[in-house]
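Listing of entry-v6.cif; format and content: mmCIF, C-alpha atoms and all ligand atoms.
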data_upload
loop_
_atom_site.group_PDB
_atom_site.id
_atom_site.type_symbol
_atom_site.label_atom_id
_atom_site.label_comp_id
_atom_site.auth_asym_id
_atom_site.auth_seq_id
_atom_site.Cartn_x
_atom_site.Cartn_y
_atom_site.Cartn_z
ATOM 1 C CA MET A 1 -29.594 64.356 -53.426
ATOM 2 C CA ASP A 2 -31.596 65.774 -50.530
ATOM 3 C CA CYS A 3 -33.685 64.085 -47.849
ATOM 4 C CA LYS A 4 -36.940 64.788 -49.665
ATOM 5 C CA GLU A 5 -35.812 62.859 -52.738
ATOM 6 C CA ILE A 6 -34.429 60.026 -50.634
ATOM 7 C CA ASN A 7 -37.712 59.779 -48.750
ATOM 8 C CA LYS A 8 -39.556 59.395 -52.036
ATOM 9 C CA MET A 9 -37.209 56.573 -53.005
ATOM 10 C CA ILE A 10 -37.767 54.539 -49.832
ATOM 11 C CA PRO A 11 -40.801 52.559 -51.102
ATOM 12 C CA ALA A 12 -38.916 51.729 -54.308
ATOM 13 C CA PHE A 13 -35.927 50.594 -52.271
ATOM 14 C CA LEU A 14 -38.081 48.366 -50.097
ATOM 15 C CA ASN A 15 -39.623 46.835 -53.216
ATOM 16 C CA LYS A 16 -36.094 46.312 -54.560
ATOM 17 C CA GLU A 17 -36.857 48.507 -57.523
ATOM 18 C CA LEU A 18 -33.800 50.705 -57.226
ATOM 19 C CA SER A 19 -30.778 49.914 -59.291
ATOM 20 C CA GLY A 20 -27.520 51.312 -60.530
ATOM 21 C CA ARG A 21 -26.887 54.958 -59.859
ATOM 22 C CA GLU A 22 -30.138 55.396 -57.884
ATOM 23 C CA LEU A 23 -29.292 52.597 -55.483
ATOM 24 C CA ASP A 24 -25.793 53.990 -55.152
ATOM 25 C CA ASP A 25 -27.038 57.467 -54.234
ATOM 26 C CA PHE A 26 -29.685 56.067 -51.933
ATOM 27 C CA MET A 27 -27.275 53.886 -49.965
ATOM 28 C CA GLU A 28 -24.714 56.645 -49.711
ATOM 29 C CA HIS A 29 -27.272 59.060 -48.309
ATOM 30 C CA ILE A 30 -28.699 56.483 -45.904
ATOM 31 C CA SER A 31 -25.252 55.713 -44.532
ATOM 32 C CA LYS A 32 -24.672 59.396 -43.714
ATOM 33 C CA CYS A 33 -28.129 60.618 -42.734
ATOM 34 C CA PRO A 34 -29.655 59.283 -39.498
ATOM 35 C CA GLU A 35 -33.036 60.905 -40.251
ATOM 36 C CA CYS A 36 -33.456 59.063 -43.530
ATOM 37 C CA LYS A 37 -32.155 55.822 -42.015
ATOM 38 C CA GLU A 38 -34.805 56.172 -39.324
ATOM 39 C CA GLU A 39 -37.490 56.900 -41.901
ATOM 40 C CA LEU A 40 -36.378 53.826 -43.840
ATOM 41 C CA SER A 41 -36.615 51.710 -40.672
ATOM 42 C CA ILE A 42 -40.105 52.996 -39.943
ATOM 43 C CA GLN A 43 -41.396 52.355 -43.457
ATOM 44 C CA PHE A 44 -39.772 48.932 -43.475
ATOM 45 C CA LEU A 45 -41.345 48.011 -40.136
ATOM 46 C CA VAL A 46 -44.768 49.154 -41.311
ATOM 47 C CA LEU A 47 -44.527 47.309 -44.623
ATOM 48 C CA GLU A 48 -42.899 44.110 -43.346
ATOM 49 C CA GLY A 49 -44.838 44.223 -40.100
ATOM 50 C CA MET A 50 -48.107 43.953 -41.973
ATOM 51 C CA VAL A 51 -46.833 41.103 -44.120
ATOM 52 C CA SER A 52 -45.495 39.322 -41.038
ATOM 53 C CA LEU A 53 -48.800 39.705 -39.193
ATOM 54 C CA GLN A 54 -50.624 38.148 -42.128
ATOM 55 C CA ASP A 55 -48.118 35.308 -42.241
ATOM 56 C CA GLY A 56 -48.057 34.984 -38.474
ATOM 57 C CA ASN A 57 -44.336 35.307 -38.956
ATOM 58 C CA THR A 58 -42.898 37.856 -36.551
ATOM 59 C CA PHE A 59 -39.197 37.138 -36.419
ATOM 60 C CA ASP A 60 -36.699 39.930 -36.066
ATOM 61 C CA LEU A 61 -37.672 42.635 -38.518
ATOM 62 C CA ARG A 62 -34.633 44.807 -37.791
ATOM 63 C CA LYS A 63 -32.416 41.942 -38.829
ATOM 64 C CA ARG A 64 -34.336 41.658 -42.079
ATOM 65 C CA LEU A 65 -33.815 45.343 -42.804
ATOM 66 C CA ASP A 66 -30.095 44.947 -42.125
ATOM 67 C CA LYS A 67 -30.090 42.013 -44.499
ATOM 68 C CA GLN A 68 -31.748 44.039 -47.227
ATOM 69 C CA LEU A 69 -29.235 46.841 -46.710
ATOM 70 C CA ASP A 70 -26.400 44.301 -46.918
ATOM 71 C CA GLU A 71 -27.819 42.944 -50.154
ATOM 72 C CA ALA A 72 -27.964 46.452 -51.594
ATOM 73 C CA ARG A 73 -24.351 47.071 -50.587
ATOM 74 C CA ARG A 74 -23.304 43.808 -52.199
ATOM 75 C CA LYS A 75 -25.131 44.733 -55.392
ATOM 76 C CA ILE A 76 -23.281 48.049 -55.523
ATOM 77 C CA ARG A 77 -19.960 46.308 -54.916
ATOM 78 C CA ILE A 78 -20.615 43.830 -57.726
ATOM 79 C CA ARG A 79 -21.596 46.640 -60.079
ATOM 80 C CA LYS A 80 -18.423 48.533 -59.223
ATOM 81 C CA GLY A 81 -16.413 45.359 -59.748
ATOM 82 C CA VAL A 82 -17.934 44.900 -63.194
ATOM 83 C CA HIS A 83 -17.134 48.503 -64.082
ATOM 84 C CA PHE A 84 -13.578 48.027 -62.949
ATOM 85 C CA PHE A 85 -13.289 44.873 -65.040
ATOM 86 C CA VAL A 86 -14.687 46.567 -68.158
ATOM 87 C CA TYR A 87 -12.336 49.481 -67.584
ATOM 88 C CA GLY A 88 -9.447 47.017 -67.308
ATOM 89 C CA LEU A 89 -10.452 45.373 -70.580
ATOM 90 C CA GLU A 90 -10.551 48.757 -72.310
ATOM 91 C CA ILE A 91 -7.064 49.584 -71.116
ATOM 92 C CA LEU A 92 -5.898 46.169 -72.264
ATOM 93 C CA ALA A 93 -7.432 46.794 -75.694
ATOM 94 C CA ILE A 94 -5.697 50.159 -75.947
ATOM 95 C CA ILE A 95 -2.346 48.672 -74.933
ATOM 96 C CA THR A 96 -2.801 45.879 -77.492
ATOM 97 C CA MET A 97 -3.538 48.458 -80.171
ATOM 98 C CA ILE A 98 -0.451 50.471 -79.243
ATOM 99 C CA ILE A 99 1.699 47.342 -79.373
ATOM 100 C CA ILE A 100 0.298 46.467 -82.814
ATOM 101 C CA ILE A 101 0.942 49.999 -84.091
ATOM 102 C CA VAL A 102 4.495 49.926 -82.712
ATOM 103 C CA LEU A 103 5.099 46.499 -84.287
ATOM 104 C CA ILE A 104 3.786 47.737 -87.655
ATOM 105 C CA MET A 105 6.121 50.724 -87.489
ATOM 106 C CA VAL A 106 9.127 48.688 -86.432
ATOM 107 C CA LEU A 107 8.716 45.762 -88.777
HETATM 108 ZN ZN ZN B 1 -31.514 62.462 -45.327
#

Represent the structure from my file as structure tokens, please.
Ligand SMILES: [Zn+2]
Amino acid sequence: MDCKEINKMIPAFLNKELSGRELDDFMEHISKCPECKEELSIQFLVLEGMVSLQDGNTFDLRKRLDKQLDEARRKIRIRKGVHFFVYGLEILAIITMIIIIVLIMVL
């Protein structure tokens, strides 16, 4: 994915509308590309800054962006964990099947 595509995804990320593969690609790009990270920071500050001004709530916006990035990373980790678990179950099912076939042949 290139910077142009990532830039288009920033509003969706900030609205927490990205999921699965998209979120994965987005986070990977952001972690490697300082330009897109900067663009994300700017859009976040603009968006959250306006909300905060309305609320009169101006606590550390950078920290909030870091928190949102952490949440996204956690989401990806959980998703990967689930995949790993499902993969493990599939292997277990295959092994069980092999054992049954072997037992049928032996007995
Ligand atoms: Zn980029």

Review point. At a cut-off of 12 Å from (-17.9, 50.1, -57.8) in the coordinates of the file, what residues are picked up using all atoms listed in the file, written as a PyMOL selection string?
Key: chain A and resi 20-21+23-24+73-87

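Distances to Ile30 in chain A were evaluated for A:Leu69, A:Ala12, A:Ile95, A:Ile100 using only C-alpha atoms, and the minimum falls at A:Leu69.
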
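Residue nearest ligand ZN 1 (chain B) within the list A:Met1, A:Leu45, A:Met27, A:Cys36: A:Cys36 [criterion: smallest interatomic distance, all atoms listed in the file].
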
**Study point:** Result set of the PyMOL selection byres (((not hetatm)) within 10 of (chain B and resi 1)) on the coordinates above, as a PyMOL selection string
**Key:** chain A and resi 1-7+26+28-39

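The coordinates place CA of Phe44 in chain A at 11.2 Å from CA of Lys63 in chain A.
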
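Note that CA of Glu22 in chain A and CA of Lys8 in chain A are 11.8 Å apart.
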
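Proximity of A:Ile42, A:Gln68, A:Val102, A:Leu92 to Leu14 in chain A, computed with only C-alpha atoms, is greatest for A:Gln68.
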
Review point. In Å to one decimal, how far is CA of Glu48 in chain A from CA of Asp66 in chain A?
Key: 12.9 Å

**Study point:** Selection: 10 Å around Leu47 in chain A, all atoms listed in the file, excl. self and same-chain fewer than 4 positions, as a PyMOL selection string
**Key:** chain A and resi 11+14-15+41-43+51-52

Review point. Taking all atoms listed in the file into account, which of A:Ile104, A:Met50, A:Leu65, A:Ala72 comes nearest Ser19 in chain A?
Key: A:Ala72

As lines of an AutoDock Vina configuration file, please: the centre and edge lengths in Å, to one decimal, of an axis-aligned box enclosing every listed atom of range 10-19 of chain A with 6 Å added on each side.
center_x = -35.8
center_y = 50.4
center_z = -54.6
size_x = 22.0
size_y = 20.2
size_z = 21.5
